[in-house]
There are 2 protein chains.
Amino acid sequence: MLQVSRKFEYGLHAVTYLATKGQGRVVTVKEMADDIGFSQEFLSKAMQSLKRAGIASSVQGVKGGYTLGRETVEITVADIALAIEGKPHLVRCGVKAESCEVFSSCHHRGYMGTLQLKIQDLLGATTIYSLLQQIAP
Amino acid sequence: MLQVSRKFEYGLHAVTYLATKGQGRVVTVKEMADDIGFSQEFLSKAMQSLKRAGIASSVQGVKGGYTLGRETVEITVADIALAIEGKPHLVRCGVKAESCEVFSSCHHRGYMGTLQLKIQDLLGATTIYSLLQQIAP
DNA sequence: GAGAGGAGGACTGAATTTGTCCTGCTTAAT
DNA sequence: ATTAAGCAGGACAAATTCAGTCCTCCTCTC
């Protein structure tokens, strides 16, 4: 269906939250979940992925929580997608060649490959910084 | 996971098959399924979608089958995607606003919307004709 | 009128996504 | 030292979607 996952949406919301309302402080998952309006448990998973990718960094223990791990100009939408959904595979044979019956004789692999790159470029061209500019005029 | 459906892959293969090995004649689903190498029943579904969209046209009865419904320069990859997967919705709120908890306060809808349009443009920029050029040098 | 072949609804099984639960670890505060 | 807030992450359950099959009907050629 060529649709982005919910977890990605959660992650993107969380990052913009940290970038705006979370400046200079540590923000708990609970605060974000309450304020934005979705499940704390699930958002927590997204944050863990963002952390592993260095997009967010975490502070443990009481008074713990999350902050951004990099400047907003250094985080692109593609980074968030990669952190949360892993490497994109527009077609199945990108994951497993065996999953395609016609792998050896396939004529579109080249095209689908460049298409995927172009989509990644599209996502990579937007930083959180520029995204925020678009929001608040 | 931002992945294209299998049915779309089937459809794309079928269209290029018709455009190359099926010139000037009517091709049965069985032939395509056998030659390309996947399920006849399922390919049949894809063909039905393509037919409804006018990308393929069908002949019923004995000696029936499919032909292309338009010239290859007038069929884009986006057309095939639309025919088979329906209107694209990068985010859920495009399908149902209620499916998003933060619809009213959402900051990314505008961005996601233009992103979707850009992806559609990408698909719309490739015609079957140009795709075939890329394949056979 | 028999059989090849498309049309399409219904259904099933598999895979993926989404979300919850639980347990453990870290650390500030008391 | 103990407690409780909060992150980390594995395991599991539910829901949704996708993929594929089956069955019936209709159309057309021979």
# chains A, B, ... in the order shown; residues from 1 in each chain; ligands from 1
call {"tool": "residues_around", "arguments": {"residues": "segment 19-29 of chain C", "least_positions_apart": "6", "cutoff": "7 Å", "atoms": "only C-alpha atoms (C1' of nucleotides)", "output": "number ranges by chain"}}
result
A: 42, 60-63
call {"tool": "write_last_selection", "arguments": {"atoms": "N, CA and C atoms", "output": "mmCIF file, in the first residue's frame"}}
result
data_model
loop_
_atom_site.group_PDB
_atom_site.id
_atom_site.type_symbol
_atom_site.label_atom_id
_atom_site.label_comp_id
_atom_site.auth_asym_id
_atom_site.auth_seq_id
_atom_site.Cartn_x
_atom_site.Cartn_y
_atom_site.Cartn_z
ATOM 1 N N PHE A 42 4.007 2.102 23.385
ATOM 2 C CA PHE A 42 4.413 1.946 21.992
ATOM 3 C C PHE A 42 5.375 3.056 21.576
ATOM 4 N N GLN A 60 18.978 7.743 31.976
ATOM 5 C CA GLN A 60 18.283 6.714 32.739
ATOM 6 C C GLN A 60 17.997 7.170 34.160
ATOM 7 N N GLY A 61 17.210 6.340 34.847
ATOM 8 C CA GLY A 61 16.916 6.598 36.254
ATOM 9 C C GLY A 61 15.860 7.669 36.467
ATOM 10 N N VAL A 62 15.567 7.947 37.717
ATOM 11 C CA VAL A 62 14.630 9.013 38.057
ATOM 12 C C VAL A 62 15.126 10.297 37.393
ATOM 13 N N LYS A 63 14.204 11.122 36.955
ATOM 14 C CA LYS A 63 14.556 12.353 36.224
ATOM 15 C C LYS A 63 15.146 12.038 34.856
#
call {"tool": "closest_atom_pairs", "arguments": {"of": "chain B", "to": "chain C", "cutoff": "10 Å", "atoms": "only C-alpha atoms (C1' of nucleotides)", "output": "tab-separated table"}}
result
residue	atom	partner	partner_atom	distance
B:Met1	CA	C:DT16	C1'	9.4
B:Thr28	CA	C:DG5	C1'	7.6
B:Val29	CA	C:DG5	C1'	8.7
B:Lys30	CA	C:DG5	C1'	9.2
B:Ser44	CA	C:DG6	C1'	8.6
B:Lys45	CA	C:DG8	C1'	8.8
B:Met47	CA	C:DG6	C1'	9.8
B:Gln48	CA	C:DA7	C1'	7.6
B:Ser58	CA	C:DG6	C1'	7.5
B:Val59	CA	C:DG6	C1'	7.4
B:Gln60	CA	C:DG6	C1'	5.3
B:Gly61	CA	C:DG5	C1'	5.4
B:Val62	CA	C:DA4	C1'	4.5
B:Lys63	CA	C:DA4	C1'	7.1
B:Gly64	CA	C:DG5	C1'	5.9
B:Gly65	CA	C:DG5	C1'	7.0
B:Tyr66	CA	C:DG6	C1'	9.0
call {"tool": "write_last_selection", "arguments": {"atoms": "N, CA and C atoms", "output": "mmCIF file, in the first residue's frame"}}
result
data_model
loop_
_atom_site.group_PDB
_atom_site.id
_atom_site.type_symbol
_atom_site.label_atom_id
_atom_site.label_comp_id
_atom_site.auth_asym_id
_atom_site.auth_seq_id
_atom_site.Cartn_x
_atom_site.Cartn_y
_atom_site.Cartn_z
ATOM 1 N N MET B 1 6.260 -0.496 5.949
ATOM 2 C CA MET B 1 7.622 -0.763 5.503
ATOM 3 C C MET B 1 7.941 -0.060 4.186
ATOM 4 N N THR B 28 -3.300 -15.047 -23.105
ATOM 5 C CA THR B 28 -4.064 -15.556 -21.963
ATOM 6 C C THR B 28 -3.271 -15.391 -20.666
ATOM 7 N N VAL B 29 -4.017 -15.367 -19.587
ATOM 8 C CA VAL B 29 -3.385 -15.283 -18.274
ATOM 9 C C VAL B 29 -2.483 -16.496 -18.063
ATOM 10 N N LYS B 30 -2.975 -17.626 -18.508
ATOM 11 C CA LYS B 30 -2.191 -18.855 -18.344
ATOM 12 C C LYS B 30 -0.817 -18.721 -18.973
ATOM 13 N N SER B 44 -4.442 -13.242 -12.399
ATOM 14 C CA SER B 44 -5.741 -12.936 -12.976
ATOM 15 C C SER B 44 -6.402 -11.747 -12.264
ATOM 16 N N LYS B 45 -6.248 -11.733 -10.932
ATOM 17 C CA LYS B 45 -6.801 -10.603 -10.165
ATOM 18 C C LYS B 45 -6.159 -9.293 -10.588
ATOM 19 N N MET B 47 -4.805 -8.622 -13.410
ATOM 20 C CA MET B 47 -5.252 -8.266 -14.749
ATOM 21 C C MET B 47 -6.638 -7.623 -14.719
ATOM 22 N N GLN B 48 -7.483 -8.152 -13.860
ATOM 23 C CA GLN B 48 -8.824 -7.586 -13.753
ATOM 24 C C GLN B 48 -8.764 -6.119 -13.326
ATOM 25 N N SER B 58 -9.697 -6.722 -22.432
ATOM 26 C CA SER B 58 -9.825 -8.171 -22.443
ATOM 27 C C SER B 58 -10.754 -8.632 -23.554
ATOM 28 N N VAL B 59 -10.534 -9.839 -23.975
ATOM 29 C CA VAL B 59 -11.429 -10.498 -24.912
ATOM 30 C C VAL B 59 -11.949 -11.738 -24.195
ATOM 31 N N GLN B 60 -13.242 -11.880 -24.151
ATOM 32 C CA GLN B 60 -13.793 -13.017 -23.415
ATOM 33 C C GLN B 60 -13.944 -14.241 -24.314
ATOM 34 N N GLY B 61 -14.288 -15.337 -23.654
ATOM 35 C CA GLY B 61 -14.564 -16.566 -24.398
ATOM 36 C C GLY B 61 -13.321 -17.294 -24.867
ATOM 37 N N VAL B 62 -13.545 -18.380 -25.596
ATOM 38 C CA VAL B 62 -12.436 -19.130 -26.170
ATOM 39 C C VAL B 62 -11.618 -18.167 -27.021
ATOM 40 N N LYS B 63 -10.342 -18.380 -27.084
ATOM 41 C CA LYS B 63 -9.432 -17.471 -27.808
ATOM 42 C C LYS B 63 -9.382 -16.091 -27.173
ATOM 43 N N GLY B 64 -9.907 -16.023 -25.959
ATOM 44 C CA GLY B 64 -9.878 -14.744 -25.266
ATOM 45 C C GLY B 64 -8.541 -14.506 -24.606
ATOM 46 N N GLY B 65 -8.451 -13.394 -23.875
ATOM 47 C CA GLY B 65 -7.211 -13.054 -23.198
ATOM 48 C C GLY B 65 -7.084 -11.554 -23.067
ATOM 49 N N TYR B 66 -5.860 -11.097 -22.911
ATOM 50 C CA TYR B 66 -5.644 -9.677 -22.715
ATOM 51 C C TYR B 66 -4.721 -9.074 -23.755
#
call {"tool": "closest_atom_pairs", "arguments": {"of": "chain A", "to": "chain B", "cutoff": "10 Å", "atoms": "only C-alpha atoms", "output": "CSV"}}
result
residue,atom,partner,partner_atom,distance
A:Met1,CA,B:Glu85,CA,6.2
A:Leu2,CA,B:Leu2,CA,4.8
A:Gln3,CA,B:Leu90,CA,4.3
A:Val4,CA,B:Leu2,CA,5.6
A:Ser5,CA,B:Met1,CA,6.3
A:Arg6,CA,B:Arg92,CA,8.2
A:Phe8,CA,B:Met1,CA,9.5
A:Glu9,CA,B:Val91,CA,8.2
A:Leu12,CA,B:His108,CA,8.5
A:His13,CA,B:His108,CA,8.1
A:Thr16,CA,B:His107,CA,8.7
A:Asp35,CA,B:Val102,CA,9.7
A:Ile36,CA,B:Val102,CA,6.6
A:Gly37,CA,B:Glu101,CA,6.2
A:Phe38,CA,B:Glu101,CA,6.8
A:Ala81,CA,B:Met1,CA,9.2
A:Ile84,CA,B:Met1,CA,9.6
A:Glu85,CA,B:Met1,CA,6.2
A:Gly86,CA,B:Met1,CA,8.4
A:Lys87,CA,B:Met1,CA,9.0
A:Pro88,CA,B:Leu2,CA,6.8
A:His89,CA,B:Gln3,CA,6.1
A:Leu90,CA,B:Gln3,CA,4.3
A:Val91,CA,B:Val4,CA,6.0
A:Arg92,CA,B:Gln3,CA,7.8
A:Cys100,CA,B:Phe38,CA,9.3
A:Glu101,CA,B:Gly37,CA,6.2
A:Val102,CA,B:Gly37,CA,6.4
A:Ser105,CA,B:Ile36,CA,8.5
A:Cys106,CA,B:His13,CA,8.3
A:His107,CA,B:Ile135,CA,6.3
A:His108,CA,B:Ile135,CA,7.7
A:Arg109,CA,B:Ile135,CA,9.7
A:Gly110,CA,B:Ile135,CA,8.3
A:Tyr111,CA,B:Leu131,CA,7.5
A:Met112,CA,B:Val4,CA,9.9
A:Leu115,CA,B:Leu122,CA,7.6
A:Gln116,CA,B:Gln3,CA,9.6
A:Lys118,CA,B:Leu122,CA,8.1
A:Ile119,CA,B:Ile119,CA,6.7
A:Leu122,CA,B:Leu115,CA,7.6
A:Leu123,CA,B:Leu115,CA,8.0
A:Thr126,CA,B:Tyr111,CA,9.4
A:Leu131,CA,B:Tyr111,CA,7.5
A:Leu132,CA,B:His107,CA,8.5
A:Gln134,CA,B:Tyr111,CA,8.0
A:Ile135,CA,B:His107,CA,6.3
A:Ala136,CA,B:His107,CA,9.2
call {"tool": "select_by_dssp", "arguments": {"residues": "segment 52-124 of chain B", "states": "alpha helix (DSSP H)", "output": "VMD selection string"}}
result
chain B and resid 52 77 to 85 109 to 124
call {"tool": "interface_residues", "arguments": {"of": "chain D", "to": "chain A", "cutoff": "8 Å", "atoms": "only C-alpha atoms (C1' of nucleotides)", "output": "JSON, numbers by chain"}}
result
{"D": [4, 5, 6, 7, 8]}
call {"tool": "write_last_selection", "arguments": {"atoms": "C-alpha atoms (C1' of nucleotides)", "output": "CSV table (one decimal), in the first residue's frame"}}
result
chain,number,residue,atom,x,y,z
D,4,DA,C1',10.3,4.9,43.2
D,5,DA,C1',10.6,7.1,38.5
D,6,DG,C1',11.9,6.0,34.3
D,7,DC,C1',14.5,3.7,30.4
D,8,DA,C1',15.6,-1.2,28.1
call {"tool": "select_by_dssp", "arguments": {"residues": "chain B", "states": "strand (DSSP E or B)", "output": "CSV table (one decimal) with N, CA and C atoms, in the first residue's frame"}}
result
chain,number,residue,atom,x,y,z
B,27,VAL,N,-3.3,-12.4,-25.4
B,27,VAL,CA,-2.5,-13.3,-24.6
B,27,VAL,C,-3.3,-13.8,-23.4
B,56,ALA,N,-5.3,-2.5,-19.5
B,56,ALA,CA,-5.4,-3.7,-20.4
B,56,ALA,C,-6.8,-3.7,-20.9
B,57,SER,N,-7.0,-4.4,-22.0
B,57,SER,CA,-8.4,-4.7,-22.4
B,57,SER,C,-8.5,-6.2,-22.6
B,58,SER,N,-9.7,-6.7,-22.4
B,58,SER,CA,-9.8,-8.2,-22.4
B,58,SER,C,-10.8,-8.6,-23.6
B,59,VAL,N,-10.5,-9.8,-24.0
B,59,VAL,CA,-11.4,-10.5,-24.9
B,59,VAL,C,-11.9,-11.7,-24.2
B,65,GLY,N,-8.5,-13.4,-23.9
B,65,GLY,CA,-7.2,-13.1,-23.2
B,65,GLY,C,-7.1,-11.6,-23.1
B,66,TYR,N,-5.9,-11.1,-22.9
B,66,TYR,CA,-5.6,-9.7,-22.7
B,66,TYR,C,-4.7,-9.1,-23.8
B,67,THR,N,-5.0,-7.8,-24.0
B,67,THR,CA,-4.0,-7.0,-24.8
B,67,THR,C,-3.8,-5.7,-24.0
B,68,LEU,N,-2.9,-4.9,-24.4
B,68,LEU,CA,-2.8,-3.6,-23.8
B,68,LEU,C,-3.9,-2.7,-24.2
B,76,THR,N,1.8,4.9,-17.4
B,76,THR,CA,3.0,5.2,-16.5
B,76,THR,C,2.9,4.2,-15.4
B,127,THR,N,7.1,6.0,-18.1
B,127,THR,CA,6.1,5.3,-18.9
B,127,THR,C,6.6,3.9,-19.2
call {"tool": "atom_distance", "arguments": {"atom1": "atom CA of Tyr129 of chain B", "atom2": "atom CA of Glu31 of chain B"}}
result
22.2 Å
call {"tool": "closest_residue", "arguments": {"among": "B:Ala14, B:Ala83, B:Val73, B:Ala125", "to": "Gln40 of chain B", "atoms": "only C-alpha atoms"}}
result
B:Ala14
call {"tool": "atom_distance", "arguments": {"atom1": "atom CA of Glu74 of chain A", "atom2": "atom CA of Gly54 of chain A"}}
result
11.0 Å
